[in-house]
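Text of the file model06.tsv, holding TSV, C-alpha atoms and all ligand atoms:
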chain	number	residue	atom	x	y	z
A	1	MET	CA	-38.50	-22.03	-43.10
A	2	LYS	CA	-36.54	-24.40	-40.78
A	3	ASP	CA	-38.38	-26.54	-38.19
A	4	GLY	CA	-38.54	-24.64	-34.92
A	5	GLU	CA	-38.18	-21.21	-36.52
A	6	LYS	CA	-40.98	-18.97	-35.21
A	7	GLY	CA	-41.95	-21.94	-33.02
A	8	ALA	CA	-43.49	-23.63	-36.07
A	9	ILE	CA	-43.15	-27.13	-37.53
A	10	LEU	CA	-43.83	-28.00	-41.15
A	11	GLN	CA	-46.69	-30.44	-41.56
A	12	ARG	CA	-47.14	-33.47	-43.77
A	13	ASP	CA	-48.70	-31.41	-46.57
A	14	LYS	CA	-45.31	-29.57	-46.83
A	15	GLN	CA	-47.22	-26.29	-47.01
A	16	THR	CA	-48.71	-25.50	-43.61
A	17	TYR	CA	-47.30	-25.36	-40.09
A	18	ALA	CA	-48.24	-26.37	-36.56
A	19	ILE	CA	-47.45	-24.31	-33.48
A	20	ALA	CA	-47.86	-25.19	-29.81
A	21	PRO	CA	-47.93	-22.41	-27.20
A	22	HIS	CA	-46.25	-23.14	-23.89
A	23	PHE	CA	-48.52	-23.54	-20.86
A	24	PRO	CA	-46.37	-24.58	-17.88
A	25	CYS	CA	-47.47	-27.99	-16.62
A	26	GLY	CA	-50.45	-27.91	-18.98
A	27	VAL	CA	-52.35	-25.40	-16.86
A	28	ILE	CA	-54.40	-23.17	-19.17
A	29	SER	CA	-56.68	-20.32	-18.19
A	30	PRO	CA	-60.15	-19.89	-19.75
A	31	GLU	CA	-58.85	-16.69	-21.39
A	32	GLN	CA	-55.96	-18.57	-23.01
A	33	LEU	CA	-58.34	-21.29	-24.20
A	34	ARG	CA	-60.56	-18.63	-25.76
A	35	ARG	CA	-57.59	-17.09	-27.57
A	36	ILE	CA	-56.66	-20.49	-29.01
A	37	ALA	CA	-60.25	-21.14	-30.12
A	38	ASP	CA	-60.53	-17.63	-31.62
A	39	ALA	CA	-57.22	-18.01	-33.49
A	40	ALA	CA	-58.22	-21.45	-34.78
A	41	GLU	CA	-61.40	-19.99	-36.26
A	42	LYS	CA	-59.88	-16.73	-37.48
A	43	TYR	CA	-57.06	-18.44	-39.39
A	44	ASN	CA	-59.21	-21.38	-40.49
A	45	VAL	CA	-56.72	-23.99	-39.25
A	46	ALA	CA	-57.01	-27.71	-39.94
A	47	ALA	CA	-57.16	-28.84	-36.29
A	48	THR	CA	-56.36	-28.16	-32.67
A	49	LYS	CA	-54.74	-31.17	-31.03
A	50	ILE	CA	-53.76	-32.01	-27.46
A	51	THR	CA	-50.11	-33.14	-27.49
A	52	SER	CA	-48.27	-35.67	-25.35
A	53	ALA	CA	-46.39	-32.73	-23.77
A	54	SER	CA	-49.68	-31.33	-22.38
A	55	ARG	CA	-49.87	-28.56	-24.96
A	56	ILE	CA	-52.51	-27.62	-27.50
A	57	ALA	CA	-51.08	-27.69	-31.01
A	58	ILE	CA	-52.70	-25.48	-33.61
A	59	VAL	CA	-52.28	-27.36	-36.85
A	60	GLY	CA	-52.45	-26.28	-40.48
A	61	ILE	CA	-51.43	-22.61	-40.30
A	62	LYS	CA	-50.29	-20.83	-43.46
A	63	GLU	CA	-46.71	-19.50	-43.26
A	64	GLU	CA	-47.85	-15.93	-43.80
A	65	ASP	CA	-50.23	-16.17	-40.81
A	66	ILE	CA	-47.76	-17.50	-38.23
A	67	ASP	CA	-46.60	-14.13	-36.85
A	68	ASN	CA	-50.17	-12.89	-36.50
A	69	VAL	CA	-51.33	-16.08	-34.77
A	70	TRP	CA	-48.57	-15.72	-32.18
A	71	LYS	CA	-49.51	-12.06	-31.71
A	72	ASP	CA	-53.16	-13.01	-31.14
A	73	LEU	CA	-52.22	-15.82	-28.72
A	74	ASP	CA	-49.86	-13.59	-26.72
A	75	THR	CA	-48.21	-16.75	-25.33
A	76	PRO	CA	-44.62	-17.97	-25.85
A	77	PRO	CA	-43.96	-21.12	-27.90
A	78	GLY	CA	-43.20	-24.46	-26.28
A	79	HIS	CA	-39.80	-25.96	-27.07
A	80	ALA	CA	-40.74	-28.90	-29.28
A	81	VAL	CA	-37.51	-29.46	-31.25
A	82	GLY	CA	-33.76	-29.33	-30.69
A	83	LEU	CA	-31.33	-30.46	-27.98
A	84	CYS	CA	-33.02	-28.99	-24.94
A	85	VAL	CA	-35.54	-29.64	-22.19
A	86	ARG	CA	-38.64	-30.11	-24.30
A	87	SER	CA	-41.32	-30.70	-21.72
A	88	ILE	CA	-42.12	-31.10	-18.05
A	89	LYS	CA	-45.14	-33.36	-17.70
A	90	VAL	CA	-46.93	-33.00	-14.39
A	91	CYS	CA	-49.95	-34.62	-12.76
A	92	PRO	CA	-52.36	-32.68	-10.48
A	93	GLY	CA	-50.92	-34.13	-7.24
A	94	THR	CA	-52.10	-32.80	-3.89
A	95	ALA	CA	-53.49	-29.65	-5.53
A	96	PHE	CA	-56.43	-31.61	-6.96
A	97	CYS	CA	-56.04	-35.39	-6.89
A	98	ARG	CA	-57.38	-37.27	-3.87
A	99	LEU	CA	-54.56	-39.82	-4.19
A	100	GLY	CA	-51.79	-37.23	-4.25
A	101	GLN	CA	-49.07	-37.47	-1.61
A	102	GLN	CA	-46.86	-34.59	-2.77
A	103	ASP	CA	-47.40	-31.26	-4.52
A	104	SER	CA	-46.42	-32.28	-8.04
A	105	LEU	CA	-48.00	-29.21	-9.63
A	106	GLY	CA	-46.09	-26.81	-7.39
A	107	VAL	CA	-42.75	-28.55	-7.95
A	108	GLY	CA	-43.49	-28.96	-11.66
A	109	MET	CA	-44.04	-25.22	-12.01
A	110	LYS	CA	-40.63	-24.58	-10.41
A	111	LEU	CA	-38.95	-27.09	-12.72
A	112	ASP	CA	-40.67	-25.56	-15.73
A	113	GLU	CA	-39.44	-22.10	-14.77
A	114	ILE	CA	-35.85	-23.33	-14.41
A	115	TYR	CA	-35.51	-25.94	-17.14
A	116	HIS	CA	-38.02	-25.52	-19.96
A	117	GLY	CA	-36.03	-24.83	-23.14
A	118	MET	CA	-32.61	-25.20	-21.43
A	119	ASP	CA	-29.94	-26.36	-23.90
A	120	LEU	CA	-28.54	-29.80	-22.99
A	121	PRO	CA	-26.56	-32.52	-24.82
A	122	SER	CA	-29.78	-34.17	-26.07
A	123	LYS	CA	-33.50	-33.74	-25.93
A	124	THR	CA	-34.64	-34.13	-22.35
A	125	LYS	CA	-38.05	-34.78	-20.86
A	126	MET	CA	-38.99	-34.29	-17.24
A	127	ALA	CA	-41.98	-35.34	-15.17
A	128	VAL	CA	-43.46	-35.01	-11.70
A	129	SER	CA	-46.11	-37.34	-10.28
A	130	GLY	CA	-47.81	-36.83	-6.94
A	131	CYS	CA	-47.95	-40.52	-6.05
A	132	MET	CA	-46.61	-43.90	-7.08
A	133	ASN	CA	-49.26	-44.29	-9.79
A	134	GLN	CA	-46.95	-42.16	-11.94
A	135	CYS	CA	-49.63	-40.61	-14.15
A	136	ALA	CA	-46.90	-38.35	-15.61
A	137	GLU	CA	-45.20	-41.47	-17.06
A	138	ASN	CA	-42.02	-41.10	-15.00
A	139	CYS	CA	-40.58	-44.41	-16.16
A	140	ILE	CA	-39.93	-43.09	-19.66
A	141	LYS	CA	-38.72	-39.61	-18.69
A	142	ASP	CA	-35.07	-38.54	-18.48
A	143	VAL	CA	-35.46	-36.87	-15.07
A	144	SER	CA	-38.49	-37.16	-12.84
A	145	LEU	CA	-39.89	-37.09	-9.34
A	146	VAL	CA	-42.41	-39.45	-7.78
A	147	GLY	CA	-44.19	-38.29	-4.62
A	148	LYS	CA	-44.49	-40.68	-1.69
A	149	LYS	CA	-45.45	-40.20	1.96
A	150	ALA	CA	-41.76	-40.04	2.90
A	151	GLY	CA	-40.92	-37.46	0.22
A	152	TRP	CA	-39.76	-37.52	-3.38
A	153	ASP	CA	-38.05	-40.34	-5.27
A	154	LEU	CA	-35.73	-39.06	-8.00
A	155	LEU	CA	-35.77	-41.19	-11.17
A	156	VAL	CA	-33.31	-40.77	-14.03
A	157	GLY	CA	-32.60	-42.21	-17.45
A	158	GLY	CA	-36.00	-43.17	-18.84
A	159	LYS	CA	-36.79	-42.74	-22.52
A	160	GLY	CA	-39.34	-43.98	-25.00
A	161	THR	CA	-37.80	-43.31	-28.40
A	162	GLY	CA	-35.16	-45.39	-30.18
A	163	LYS	CA	-34.35	-48.24	-27.83
A	164	PRO	CA	-36.77	-47.65	-24.93
A	165	ARG	CA	-35.29	-47.61	-21.43
A	166	LEU	CA	-37.03	-47.58	-18.05
A	167	ALA	CA	-35.80	-44.99	-15.56
A	168	ASP	CA	-33.60	-45.94	-12.60
A	169	THR	CA	-34.34	-44.73	-9.09
A	170	LEU	CA	-31.37	-42.56	-8.09
A	171	ILE	CA	-32.36	-41.37	-4.59
A	172	ASN	CA	-35.38	-41.90	-2.29
A	173	GLY	CA	-37.08	-39.78	0.36
A	174	LEU	CA	-36.04	-36.25	-0.62
A	175	ASP	CA	-37.83	-33.14	0.61
A	176	THR	CA	-38.67	-30.57	-2.05
A	177	ASP	CA	-35.52	-28.46	-1.65
A	178	GLN	CA	-33.35	-31.57	-1.69
A	179	ALA	CA	-35.17	-32.85	-4.78
A	180	LEU	CA	-34.63	-29.57	-6.68
A	181	ASP	CA	-30.98	-29.51	-5.62
A	182	ALA	CA	-30.46	-33.14	-6.71
A	183	ILE	CA	-32.06	-32.45	-10.10
A	184	SER	CA	-29.77	-29.48	-10.58
A	185	LYS	CA	-26.75	-31.72	-9.87
A	186	VAL	CA	-27.99	-34.40	-12.29
A	187	VAL	CA	-28.52	-31.79	-15.00
A	188	ASN	CA	-25.09	-30.21	-14.42
A	189	TYR	CA	-23.37	-33.60	-14.46
A	190	TYR	CA	-25.21	-34.53	-17.64
A	191	ARG	CA	-24.31	-31.24	-19.31
A	192	GLU	CA	-20.63	-31.65	-18.48
A	193	ASN	CA	-20.20	-35.38	-19.13
A	194	ALA	CA	-22.60	-36.54	-21.84
A	195	LYS	CA	-21.68	-36.85	-25.49
A	196	LYS	CA	-23.63	-34.75	-27.97
A	197	GLY	CA	-26.98	-36.40	-28.66
A	198	GLU	CA	-26.62	-38.84	-25.75
A	199	ARG	CA	-29.76	-39.16	-23.61
A	200	ILE	CA	-29.27	-39.40	-19.84
A	201	GLY	CA	-30.17	-43.11	-19.82
A	202	VAL	CA	-27.57	-43.87	-22.49
A	203	MET	CA	-24.97	-41.91	-20.50
A	204	ILE	CA	-25.88	-43.96	-17.40
A	205	ASP	CA	-25.44	-47.20	-19.34
A	206	ARG	CA	-21.97	-45.96	-20.34
A	207	ILE	CA	-20.73	-44.65	-16.96
A	208	GLY	CA	-22.81	-46.69	-14.47
A	209	LEU	CA	-25.61	-45.51	-12.18
A	210	ASP	CA	-23.28	-45.38	-9.15
A	211	THR	CA	-21.02	-42.85	-10.85
A	212	LEU	CA	-23.95	-40.50	-11.32
A	213	LYS	CA	-25.18	-41.20	-7.80
A	214	ASP	CA	-21.75	-40.40	-6.32
A	215	ALA	CA	-21.63	-37.13	-8.26
A	216	VAL	CA	-25.09	-36.10	-7.04
A	217	LEU	CA	-24.53	-37.10	-3.41
A	218	SER	CA	-21.04	-35.63	-3.13
B	1	LIG	S1	-49.89	-39.82	-10.07
B	1	LIG	FE1	-51.12	-40.05	-8.24
B	1	LIG	S2	-51.47	-37.94	-7.55
B	1	LIG	FE2	-50.88	-37.84	-9.67
B	1	LIG	S3	-52.82	-37.84	-10.81
B	1	LIG	FE3	-52.03	-39.95	-10.73
B	1	LIG	S4	-53.10	-40.82	-8.99
B	1	LIG	FE4	-53.25	-38.57	-8.76

Could you spell out this file's structure in structure tokens?
Amino acid sequence: MKDGEKGAILQRDKQTYAIAPHFPCGVISPEQLRRIADAAEKYNVAATKITSASRIAIVGIKEEDIDNVWKDLDTPPGHAVGLCVRSIKVCPGTAFCRLGQQDSLGVGMKLDEIYHGMDLPSKTKMAVSGCMNQCAENCIKDVSLVGKKAGWDLLVGGKGTGKPRLADTLINGLDTDQALDAISKVVNYYRENAKKGERIGVMIDRIGLDTLKDAVLS
């Protein structure tokens, strides 16, 4: 079975698989947690593991059990492989954090609804942080928002893998509608102008930040 088929990834033992259900912005209900715990016990898996994309991976599932585990979980898989938007990492923001200056969770949920799994020229990671502490690791995300008193800063072009690159600030002081609109323009520009496999940061290094900025502001 190919990696990603049935939302499963072959593990190091070359015999069992890991799956990771998708919980937008890492928000999981007690009922969903129970289903994961029940499935882990029922199928005698090797481990449950919190991932860097704020998911819970269920590790060490036999191939013949995968369909039944998904049925028991009743939750769609997270997009963990392929050229697409893999994850939207989001901090609690003004919903819960006393330091929050913007509603990162609310905006993150909207981004997740629009972009999670969207096919793009390369793997893409997004993030939203409610204040300048950037607990969602904006600096190494392809597209992200940082909440400040004056609104959102839009950062682009960060990445951690290969040759790491810190994100550039593209625009400051956006309200939420403007931020969502600007992200849509960045994504469209990226889809139309990047080479296959080229991360946003690599595209920026090729075309220049001002070119992208002009396209987004025009
Ligand atoms: S980035 Fe700011 S608002 Fe978000 S969790 Fe960290 S400190 Fe709180």

Return as a ChimeraX atom specification every polymer residue, whether protein, DNA or RNA, with at least one atom no more than 12 Å from an atom of ligand LIG 1 (chain B); count all atoms listed in the file.
-> /A:89-105,108,127-138,145-149

From the list A:Gly60, A:Gly197, A:Gly151, A:Gly26, which residue is nearest Ser87 of chain A when using all atoms listed in the file?
->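 The closest residue to Ser87 of chain A is A:Gly26.
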
Using all atoms listed in the file, find each residue of segment 26-123 of chain A with at least one atom at most 9 Å away from an atom of segment 166-186 of chain A; report its shortest atom-to-atom pair and that distance in Å (one decimal), sort the rows by chain and rising residue number, and return the result as a tab-separated table.
residue	atom	partner	partner_atom	distance
A:Val107	CA	A:Thr176	CA	7.5
A:Lys110	CA	A:Leu180	CA	8.6
A:Leu111	CA	A:Leu180	CA	7.8

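Here atom CA of Ile36 of chain A stands at a distance of 21.3 Å from atom CA of His116 of chain A.
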
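Here atom CA of Gly157 of chain A and atom CA of Ile140 of chain A stand 7.7 Å from one another.
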
Val27 of chain A surroundings by only C-alpha atoms, 12 Å radius, close-in-sequence under 2 positions cut, as a list in words = Pro21, His22, Phe23, Pro24, Cys25, Ser29, Pro30, Glu31, Gln32, Leu33, Ala53, Ser54, Arg55, Ile56, Ile88, Lys89, Val90, Cys91, Pro92, Leu105, Gly106, Gly108, Met109 and Asp112 of chain A

Atom CA of Val81 of chain A and atom CA of Arg165 of chain A, how far apart in Å?
->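 Between these atoms lies a distance of 20.8 Å.
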
Which neighbours of Met1 of chain A fall inside 10 Å, counting all atoms listed in the file, when residues of the same chain fewer than 4 positions from it are skipped, and could you give them as a list in words?
->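 Once the nearby chain positions are removed, what remains is Glu5, Lys6, Ala8, Ile9, Leu10, Tyr17 and Glu63 of chain A.
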
Residues of segment 26-78 of chain A that approach segment 117-126 of chain A to 12 Å or less, counting only C-alpha atoms: could you list each one with the shortest pair of atoms and its distance in Å to one decimal, rows by chain and increasing residue number, as CSV?
residue,atom,partner,partner_atom,distance
A:Ser52,CA,A:Lys125,CA,11.2
A:Ala53,CA,A:Lys125,CA,9.1
A:Pro76,CA,A:Gly117,CA,11.3
A:Pro77,CA,A:Gly117,CA,10.0
A:Gly78,CA,A:Gly117,CA,7.8

Pick the closest to Asp3 of chain A from A:Pro164, A:Val187, A:Lys62, A:Gly82: which is it, counting only C-alpha atoms?
-> A:Gly82

Residue nearest Gly158 of chain A among A:Arg191, A:Arg199, A:Arg34, A:Lys42 (counting all atoms listed in the file) |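 The closest residue to Gly158 of chain A is A:Arg199.
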
Determine the axis-aligned bounding box of all atoms of segment 92-107 of chain A present in the file, pad each side by 4 Å, and express its centre and edge lengths in Å to one decimal place as lines of an AutoDock Vina configuration file.
center_x = -50.1
center_y = -33.3
center_z = -6.0
size_x = 22.6
size_y = 21.0
size_z = 16.9

Identify which of the residues A:Lys14, A:Arg206, A:Lys49, A:Arg86 lies closest to Asn193 of chain A, counting only C-alpha atoms when measuring atom-to-atom distances.
-> A:Arg206

Return the single residue from A:Ile50, A:Arg35, A:Glu41, A:Cys84 that is closest to Lys71 of chain A, with distances computed using all atoms listed in the file.
-> A:Arg35

Hey, which of A:Ala37, A:Tyr43, A:Tyr189, A:Leu217 ends up closest to Asp67 of chain A? Count only C-alpha atoms.
->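 Using only C-alpha atoms, the shortest distance to Asp67 of chain A belongs to A:Tyr43.
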